[in-house]
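Asker: Can you keep this structure in mind? I'll have questions shortly.
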Amino acid sequence: MAKDRRSLLVKRLSKKAESTLVQSKAWDAYTTPPKNTLKGTIVPKIVSRHRRRICVETHRFWNESDKSTDETGGSYETCFLLMMDPIKNFPLDPLKSFHKGTSDKDEGKESARPMESAPLDDMSAASDDGTLDGAFSGVDTMLVRTKTNYDGWSIKYQLPLRGVSIQKVKNNSVTFKVEHRDINHLRKIKFETDEEAKECASYIRELKSTEEARMAKKYQECMKRLGGEVSVNAKEHISLLIEIVGATDLPCGDLKSSDPYVKCYFDGVIVHKTGYLKKTLNPIFTLKQKNLFLLETTAESLFKSDGLHLYAMDYDGIGKDEPLGICSVRPDLMYVADGERLPLEVEIDKRVPKQEGADDPILVVRIRHATDNDMEFMEKFTESLKTPKKKYAKIPNPALLNKGGKHAIQSYITRNEKTEKLGIGAPIKKYRVRPCADPERPEETEWLSKSDLESEMMKESREWIYAGSGGQGRLFVEVLEANDLPNLDSGGFAGNKTDSFCCFVFEDCWLQTDIIDDCLCPKWMPWSKRAFLFNIAHPCSELFIGVFDYDKMDEHDLIGRVAIDIANLQPDTVYDLMYTLYPTGKTDTRDGQGKLRLRIRLEIDDERKFVMSALQPPSTIYVNVPSKKKYKVIDQVLNGNVDMESYSLKTFFMYIDELQSYQGVLPQLEEAIITVIFWRGHHSIKLFGSTYWLPIHSIFNFITCIIAVEYPQVIPSLFFLSIAWVMLATLWFRRHNPNHWNRCKPFKGMLSALIFRDGFTPAKVEPFENNEAIIAYEQQLGAKMKRAKKLAQEVEQDAKETAQENAELAQEVGASHDLSTKKSPGLLDVDMLRPYLEPYQTYLAIACRFLRYIGNIFVWQEPYLSFWVMIGSLALSVGCLFVPWFFLIRWTSRIIVWALFGPWMKIVDIYYWKPMESMNDEERLKKKLEAKRVRKIVLKRQIEEARIEREKAVKIKDMKTFLFGKYILKVPAVKGDRWWDVPLPDSSAVPYKAEKLALAELAMKEAGYHRTRVPGQHLEGEMIPTIKKDNFTEAPMGQPTKKHAESESDTAAYTKVGSLVAGAAIITYFGVPMLSSLGSNLFGA
């Protein structure tokens, strides 16, 4: 409610102030250039004199919602000094009476006249006569003026009287001091008589003596407009964060466009100036254009000021920048604004032509009270502007700080192996520990034997890097070793071998291990940087790992990569996984490039919430990196060494080959159909010591078909039931795979987690478990695939032979009688095919990605999505039983026939169709213009919505560029590889047993001891988006802390679910017979 009231207050204060003239006095005079300018010093005064009219006016301001019946109630007054120019070829009359000193009390409504706006100029230069350019002062000077001149005079400039002071009065001259914005001039003005000079000086001094009273009145009116919604302390120090969002439909400052930027003034002082954007009338200002700034003031100073004045300017490289328009924000609106978009109407400078048919220009700003985070960010941002070469990656990333990595010459002279002989036994070969020895035992661990290296490697990691922005759970990953890596460095015989390191990408973060120099079987020790803890945002995310050869000068070379599907990992299980490294996962043929060993553990806070979160589609994620070298590394981690996005004939045929590979499914589908039709047993049960094979699918198919034939109204329900049955069949197939690593997560566990919040059980897998059965199964599957491939080749060969025979027959029967010389096709340039093949490559890529995604769901590679597809199919199947389909079809058909084909259509013809046909050209044009106007309104609303979304995207992009780096990559939101990376048979899994720690040790771990925090790159909020915060209480080692994300108890959850099941059972038991009986009566069974 408080937020709604504040929004209404902001909306009310956003209305433009209205004004009326209270009193005015004017004098004819001559002006010279300012004394403290070069022109005023050098040019003779007799040459540079210009005739002017000096006018001092008092205006009363009010808001429409604040207007009172009393003429002074709900308003305040402000005084201005106007300098007027004579209009050429206009007969000048003597000063009229109201210019000599009239008020609205004497002249009535005639003197309460609106006046034309003064022109806008830049704030710093002086015009030919030395007068002030651009003294137009904002909200209190944005008067609605209707007259174009004043008896042959036009306004040269105007400024608030508080910026003018009388320095000296001598004879018929008065010396003014003007201090306004960035103007500081001393100006001497000569009047016609001594009396007029004294009168002008006396009148201005009199008005300035009452300036404090007017300011106090203005402060009181601001407090009154706030209406008690906001409490204000006059001495309160205020820090306002102001963002110049952008503008629309600005006028052209150049021939066809503008180079716009914005100048901001507060209380007569320039407080900010944005950068300019080239050639646009609809600019969006981002961090790159310095769109943010802080305004420091007090509440009293704010409410006594004229507010914030924004000048839209056109940048010109040569000459003065041209003004485009002006708008302003009232002080009370600045105080109550809470970061929402404030669209401001821009008053166009009269010297700038407005585009024909263009909408009124709008400038959008955001204002809010600055938080501590805002102040800290603006301090860093201001500091970065002083060192533009270091303006990127302000968030420190430990992934950039790695041990290891040597030059080739160092590798040649460094000894990494040695042999020690202890006693009379055989000599022991020892290896240098890389990247460094244990800091706690440097001498003891500088050289270790192979067995000692293995023993040290398996110990718990000491240092953890904590990364990511998710809140669904945590993924613990440790890199243990890599084996059989290829040597990608030259000079391997002399000791220069692969310098390997691993790079990780998970959701919105990327990390990197230490570098192991000159080793083809590197091992990462517990004291090195090898352990990472990732916060999980979505259960379907993948962990991408790439192994690279480090090069100090050139780009790092990819050895291989692996994509780990965390969706099929069981929580509270320690996995020791060995993967084969492949350069890519998207091509048909790929060769292994060594192996990578990992230790992984998944921890979930709330399993029900984890399952439910799969219903939300994963958000689009981008990661930023600070250098081009890192960009290529992350790109290869995500996509491998094959670019499937850019056009090439090789990529084109890769997509075709992938689509053709789906033909291998046809033999399996044919076998499944034969199994169902011929009632072949496929599900085994044991009874009395004997094994029986039951045709479960055939039974289900037979019953389904009988019900569909006898009761056609249940066909929709059976359709969804069939989808659920197919999902169940593929689940059974995956769950009965002898290879544990090819199995998916059990349906029972996900259902139990959904209902009871705790349904997953830790996994236990021994190395080489079911190895013989796995080999036999893979051989059988390989034989099936060979048969399928051979069958496809035979079909293709038969098709070619048939086509050739048909061609020969056509040639014999109807030989060509064309006797002209045939033209040779000549050489075909491959580039000529690009305009034709590139769109088709895009379509092929979309088709392949779609098939991969659908295939992953149907074979339960995306277990959570598959689970919800099956649950949804079952729910729709039950729901469709209660829908009277025949009744709906019959009555829908009746309504259509009776509504569209009855005799009353004659009335439609008389009163609608014939008048429309008989319209003349003018009426048709009028109707067309009205339809066009409506479409324009709708289109304008859509454009505005699209623009707001584009604003957010552009600003987030620039903010992430500033914080994390300028190179951007998109992280795949769904599994996009053609092949799955499956652990090798020597992988294992054991239930996780938390080590019991002392209270002090546990407190140290939960406080972040031996843990480095790397924030994720997910930003939240407006104006200055902040990095998403997470809970720091979960320790990466020791007793894991678990909490319920919801306040609902398990008992309440069981009660709810039980009530739903009982209610569904009662409705089904009583409702189905009733509906069946009703259907029989309606449809005439």
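Chain identifiers are assigned as A, B, and so on, following the order in which chains appear in the structure tokens; residues are numbered from 1 within each chain, and ligands are numbered from 1 in order of appearance.
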From a backbone DSSP assignment, name each residue in stretch 602-803 of chain A labelled strand (DSSP E or B), as a list of chain:residue names.
Answerer: A:Leu602, A:Glu603, A:Ile604, A:Ile621, A:Tyr622, A:Val623, A:Asn624, A:Val625, A:His683, A:Ser684, A:Ile685, A:Lys686, A:Leu687, A:Ser690, A:Thr691, A:Tyr692, A:Trp693, A:Leu694, A:Val765
Asker: Quick one: of A:Met785, A:Ile54, A:Ala426, A:Leu159, who's nearest to A:Cys200, counting only C-alpha atoms?
Answerer: A:Ile54
Asker: List as JSON lines every residue of stretch 178-251 of chain A that is in contact with stretch 933-957 of chain A, defined as an atom at most 12 Å from one of its atoms (using only C-alpha atoms), together with the nearest atom pair and the distance in Å rounded to one decimal, sorted by chain and then rising number.
Answerer:
```
{"residue": "A:Glu243", "atom": "CA", "partner": "A:Lys955", "partner_atom": "CA", "distance": 11.0}
{"residue": "A:Ile244", "atom": "CA", "partner": "A:Lys955", "partner_atom": "CA", "distance": 11.3}
{"residue": "A:Val245", "atom": "CA", "partner": "A:Glu951", "partner_atom": "CA", "distance": 7.8}
{"residue": "A:Gly246", "atom": "CA", "partner": "A:Glu951", "partner_atom": "CA", "distance": 8.3}
{"residue": "A:Ala247", "atom": "CA", "partner": "A:Arg947", "partner_atom": "CA", "distance": 10.6}
{"residue": "A:Thr248", "atom": "CA", "partner": "A:Arg947", "partner_atom": "CA", "distance": 9.8}
```
Asker: With only C-alpha atoms as the counted atoms, please give the residues lying no more than 8 Å from A:Asn483, apart from itself and same-chain residues fewer than 5 positions off, as a PyMOL selection string.
Answerer: chain A and resi 520-522+594-596
Asker: Write the residues of the selection above to a file with N, CA, C and O atoms, as a PDB file, in the first residue's frame.
Answerer:
```pdb
ATOM      1  N   LEU A 520      52.516 -34.943 -19.292  1.00  0.00           N
ATOM      2  CA  LEU A 520      51.430 -35.528 -20.075  1.00  0.00           C
ATOM      3  C   LEU A 520      50.445 -36.292 -19.206  1.00  0.00           C
ATOM      4  O   LEU A 520      49.393 -36.707 -19.694  1.00  0.00           O
ATOM      5  N   CYS A 521      50.777 -36.487 -17.939  1.00  0.00           N
ATOM      6  CA  CYS A 521      49.856 -37.104 -16.975  1.00  0.00           C
ATOM      7  C   CYS A 521      49.831 -36.241 -15.715  1.00  0.00           C
ATOM      8  O   CYS A 521      50.303 -36.645 -14.641  1.00  0.00           O
ATOM      9  N   PRO A 522      49.298 -35.027 -15.815  1.00  0.00           N
ATOM     10  CA  PRO A 522      49.368 -34.085 -14.688  1.00  0.00           C
ATOM     11  C   PRO A 522      48.460 -34.501 -13.542  1.00  0.00           C
ATOM     12  O   PRO A 522      47.402 -35.089 -13.747  1.00  0.00           O
ATOM     13  N   GLY A 594      42.951 -38.189 -24.586  1.00  0.00           N
ATOM     14  CA  GLY A 594      43.338 -38.363 -23.205  1.00  0.00           C
ATOM     15  C   GLY A 594      42.135 -38.506 -22.295  1.00  0.00           C
ATOM     16  O   GLY A 594      40.982 -38.565 -22.739  1.00  0.00           O
ATOM     17  N   LYS A 595      42.399 -38.544 -20.992  1.00  0.00           N
ATOM     18  CA  LYS A 595      41.342 -38.731 -19.994  1.00  0.00           C
ATOM     19  C   LYS A 595      41.468 -37.689 -18.890  1.00  0.00           C
ATOM     20  O   LYS A 595      42.564 -37.196 -18.609  1.00  0.00           O
ATOM     21  N   LEU A 596      40.324 -37.417 -18.262  1.00  0.00           N
ATOM     22  CA  LEU A 596      40.266 -36.452 -17.174  1.00  0.00           C
ATOM     23  C   LEU A 596      39.531 -37.088 -16.008  1.00  0.00           C
ATOM     24  O   LEU A 596      38.450 -37.659 -16.176  1.00  0.00           O
TER      25      LEU A 596
END
```
Asker: For the atom pair atom CA of A:Ile559 and atom CA of A:Gln636, what is the interatomic distance in Å to one decimal place?
Answerer: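 Separating atom CA of A:Ile559 from atom CA of A:Gln636 is a distance of 10.0 Å.
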Asker: Could you pull the residues within 12 Å of A:Glu212, counting only C-alpha atoms, minus those fewer than 5 positions along the same chain, as an MDAnalysis selection string?
Answerer: chainID A and resid 77:79 162 206:207 217:219 304:305
Asker: One number please: atom CA of A:Arg49 to atom CA of A:Arg205, in Å, one decimal.
Answerer: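 Going from atom CA of A:Arg49 over to atom CA of A:Arg205, I get 25.4 Å.
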Asker: What is the atom CA of A:Val262-atom CA of A:Lys288 distance in Å, reported with one decimal?
Answerer: 13.8 Å
Asker: I'd like to know which of A:Asn624, A:Thr498, A:Gln512, A:Gln472 is closest to A:Leu602, using only C-alpha atoms.
Answerer: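 Of A:Asn624, A:Thr498, A:Gln512, A:Gln472, the one nearest A:Leu602 is A:Gln472, counting only C-alpha atoms.
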Asker: If you run DSSP on this backbone, which residues of stretch 837-936 of chain A come out as alpha helix (DSSP H), and could you give them as a VMD selection string?
Answerer: chain A and resid 837 to 858 863 to 880 885 to 900 905 to 908 914 to 917 921 to 936
Asker: Give the answer as one residue: which of A:Leu615, A:Val974, A:Ala312, A:Leu480 has the shortest atom-to-atom distance to A:Met525, using only C-alpha atoms?
Answerer: A:Leu480
Asker: So, counting only C-alpha atoms, which residue among A:Asp85, A:Lys630, A:Leu292, A:Gly253 is closest to A:Thr280?
Answerer: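 Residue with the minimum atom-to-atom distance to A:Thr280: A:Gly253.
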Asker: If you count only C-alpha atoms, which residues fall within 12 Å of A:Ile204, apart from same-chain ones fewer than 4 positions away, as a ChimeraX atom specification?
Answerer: /A:24-26,54-58,79-81,160-167,174,176,197-200,208-211
Asker: Could you save those same residues with N, CA, C and O atoms as a compact mmCIF listing (two decimals), in the first residue's frame?
Answerer:
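Saved file selection_8.txt follows:
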```txt
# COMPACT_ATOMS: atom_id res chain seq x y z
N SER A 24 5.34 43.29 -13.89
CA SER A 24 6.45 43.43 -14.82
C SER A 24 6.86 44.89 -14.91
O SER A 24 6.01 45.79 -14.82
N LYS A 25 8.18 45.15 -15.06
CA LYS A 25 8.71 46.48 -15.33
C LYS A 25 9.78 46.36 -16.40
O LYS A 25 10.52 45.38 -16.42
N ALA A 26 9.84 47.38 -17.29
CA ALA A 26 10.80 47.32 -18.39
C ALA A 26 11.41 48.69 -18.64
O ALA A 26 10.78 49.73 -18.38
N ILE A 54 15.42 45.94 -21.10
CA ILE A 54 15.57 45.20 -19.84
C ILE A 54 14.20 45.07 -19.21
O ILE A 54 13.50 46.08 -19.01
N CYS A 55 13.81 43.83 -18.86
CA CYS A 55 12.50 43.58 -18.27
C CYS A 55 12.66 42.71 -17.03
O CYS A 55 13.38 41.69 -17.06
N VAL A 56 12.03 43.12 -15.93
CA VAL A 56 12.03 42.33 -14.69
C VAL A 56 10.60 41.88 -14.44
O VAL A 56 9.69 42.71 -14.34
N GLU A 57 10.41 40.54 -14.36
CA GLU A 57 9.06 39.98 -14.24
C GLU A 57 8.96 39.09 -13.00
O GLU A 57 9.94 38.45 -12.60
N THR A 58 7.76 39.08 -12.43
CA THR A 58 7.44 38.17 -11.33
C THR A 58 6.34 37.23 -11.80
O THR A 58 5.29 37.70 -12.27
N CYS A 79 11.11 35.48 -9.56
CA CYS A 79 11.42 36.68 -10.36
C CYS A 79 12.49 36.36 -11.40
O CYS A 79 13.42 35.57 -11.14
N PHE A 80 12.38 37.00 -12.58
CA PHE A 80 13.31 36.78 -13.68
C PHE A 80 13.76 38.11 -14.26
O PHE A 80 13.01 39.11 -14.24
N LEU A 81 14.96 38.12 -14.80
CA LEU A 81 15.48 39.23 -15.58
C LEU A 81 15.53 38.81 -17.04
O LEU A 81 16.14 37.79 -17.37
N PRO A 160 17.02 33.62 -13.67
CA PRO A 160 16.41 33.96 -12.38
C PRO A 160 17.12 35.16 -11.76
O PRO A 160 18.33 35.32 -11.87
N LEU A 161 16.32 35.96 -11.08
CA LEU A 161 16.86 37.20 -10.52
C LEU A 161 17.88 36.94 -9.41
O LEU A 161 18.74 37.78 -9.15
N ARG A 162 17.80 35.77 -8.77
CA ARG A 162 18.76 35.51 -7.70
C ARG A 162 20.19 35.34 -8.23
O ARG A 162 21.14 35.39 -7.46
N GLY A 163 20.33 35.15 -9.55
CA GLY A 163 21.66 35.06 -10.13
C GLY A 163 22.22 36.41 -10.56
O GLY A 163 23.28 36.47 -11.17
N VAL A 164 21.49 37.51 -10.27
CA VAL A 164 21.90 38.85 -10.68
C VAL A 164 22.09 39.71 -9.44
O VAL A 164 21.28 39.68 -8.51
N SER A 165 23.16 40.48 -9.42
CA SER A 165 23.40 41.41 -8.31
C SER A 165 23.88 42.75 -8.87
O SER A 165 24.53 42.80 -9.92
N ILE A 166 23.52 43.83 -8.19
CA ILE A 166 23.92 45.18 -8.58
C ILE A 166 25.29 45.48 -7.97
O ILE A 166 25.45 45.46 -6.73
N GLN A 167 26.29 45.75 -8.81
CA GLN A 167 27.63 46.04 -8.33
C GLN A 167 27.86 47.55 -8.16
O GLN A 167 28.51 47.98 -7.21
N VAL A 174 24.35 51.15 -15.00
CA VAL A 174 24.29 50.19 -13.89
C VAL A 174 25.17 48.99 -14.25
O VAL A 174 25.06 48.43 -15.35
N PHE A 176 25.97 45.21 -13.63
CA PHE A 176 25.39 43.97 -13.10
C PHE A 176 26.47 42.88 -13.02
O PHE A 176 27.35 42.82 -13.88
N ALA A 197 18.02 54.55 -14.56
CA ALA A 197 19.07 53.68 -14.02
C ALA A 197 18.85 53.45 -12.53
O ALA A 197 18.94 52.31 -12.03
N LYS A 198 18.57 54.53 -11.79
CA LYS A 198 18.35 54.39 -10.35
C LYS A 198 17.07 53.59 -10.07
O LYS A 198 17.01 52.79 -9.13
N GLU A 199 16.04 53.84 -10.90
CA GLU A 199 14.78 53.10 -10.70
C GLU A 199 14.97 51.60 -10.89
O GLU A 199 14.48 50.78 -10.11
N CYS A 200 15.68 51.23 -11.96
CA CYS A 200 15.93 49.80 -12.24
C CYS A 200 16.73 49.17 -11.11
O CYS A 200 16.39 48.09 -10.61
N LYS A 208 15.18 41.55 -4.64
CA LYS A 208 16.16 40.62 -4.07
C LYS A 208 16.09 40.59 -2.55
O LYS A 208 16.40 39.58 -1.92
N SER A 209 15.65 41.70 -1.93
CA SER A 209 15.52 41.72 -0.48
C SER A 209 14.42 40.80 0.01
O SER A 209 14.43 40.37 1.17
N THR A 210 13.44 40.53 -0.86
CA THR A 210 12.35 39.61 -0.49
C THR A 210 12.56 38.21 -1.06
O THR A 210 11.64 37.39 -1.04
N GLU A 211 13.78 37.94 -1.57
CA GLU A 211 14.05 36.64 -2.18
C GLU A 211 13.95 35.51 -1.17
O GLU A 211 13.42 34.43 -1.46
```
Asker: I want to know what sits within 12 Å of A:Phe700, based on only C-alpha atoms, with residues of the same chain fewer than 2 positions away left out; could you give that as a list in words?
Answerer: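 Using only C-alpha atoms, the neighbours found are Val676, Ile677, Trp679, Leu694, Pro695, Ile696, His697, Ser698, Phe702, Ile703, Thr704, Cys705, Ile706, Ile707, Leu718, Leu721, Ser722, Trp725, Val726 and Ala729 of chain A.
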Asker: So that I can check the surroundings of A:Asn535, please list as a list in words every protein, DNA and RNA residue that reaches within 7 Å of it, counting only C-alpha atoms and ignoring chain neighbours fewer than 5 positions away.
Answerer: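 Here the qualifying residues turn out to be Ala467, Gly468, Ser469, Gly470, Gly471, Gly473, Arg474 and Leu475 of chain A.
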